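Notes to accompany the following structure.
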Amino acid sequence: MDFTNKLKKTLKKGLPFVVYKFPHELKYNLLIQKKDDLNFAKNYKETGFVFAPFKKNDKTILIPFNQSELCVFNIPINATKIPLNKLKEFKKKESLNKDSYVSLINKAIQQIKNKVFNKVVLSRRIEMEIELLDFKSLFYHLMHRYPNTFTYLWHHPKIGTWAGATPEKLLELHGNSFSTMALAGTQVFKENKKIN
């Protein structure tokens, strides 16, 4: 069965899944859990795809290999990126205003000076309502936009959907200007090497 039909069938059944690709690979994987159970890693000795929380007290979600079907697909030559204008209009609701965010930054700086933290990454949460459930197009877009990263699209009907490409690129040079993909860069700098 091809990826499109397998994905449609999985979504129709309401099953958890993750589709992922390793850096520089020409294949990608679709791991489909056979039931919609919510599984948790207990001691990290389990095998499967782990989705770890941001908060240390939250549980780590697991799609176990022994309760799932693994499908491997070749990356199609004609797979296309979805243009960003295909994302429908969305309403943005920021959870933190500018003054509160600046105050939070000042508190973080003080905590670092007081040696409470060695490192901290602060961010603002933005909630968006979007009408994009074309998981295939979104994953293909990530896969082609960031070929040198671990790319994934994770979905559990009881939790939600996450997509990403890691490690994030800290800087991309464009002549005399630069852009950034994320607040925290994790790629190793290699002098005189073209950045993808």
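Labels used: A, B, ... for chains in the order of the structure tokens, numbers from 1 for residues in each chain, and numbers from 1 for ligands as shown.
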
Skipping near chain neighbours, those fewer than 3 positions away, what residues fall within 8 Å of Asn74 (chain A) using only C-alpha atoms, listed as a ChimeraX atom specification? /A:26-28

At a cut-off of 8 Å, using only C-alpha atoms, what residues contact region 37-52 of chain A? Leave out same-chain residues fewer than 6 positions from it and give the result as a VMD selection string. chain A and resid 18 59 to 66 158

Point-to-point distance in Å for CA of Phe135 (chain A) and CA of Met1 (chain A): 17.0 Å

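Across A:Ile75, A:Leu11, A:Leu138, A:Ala165, the tightest approach to Tyr152 (chain A) is made by A:Ala165 when counting only C-alpha atoms.
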
Please, what distance in Å, to one decimal, runs between CA of Phe150 (chain A) and CA of Phe22 (chain A)? 4.7 Å

Can you check which residues of region 15-70 of chain A DSSP gives as strand (DSSP E) on the backbone and send them as an MDAnalysis selection string? chainID A and resid 17:21 27:33 39:40 48:51 61:64 68:70

For the atom pair CA of Glu25 (chain A) and CA of Thr151 (chain A), what is the interatomic distance in Å to one decimal place? 10.5 Å
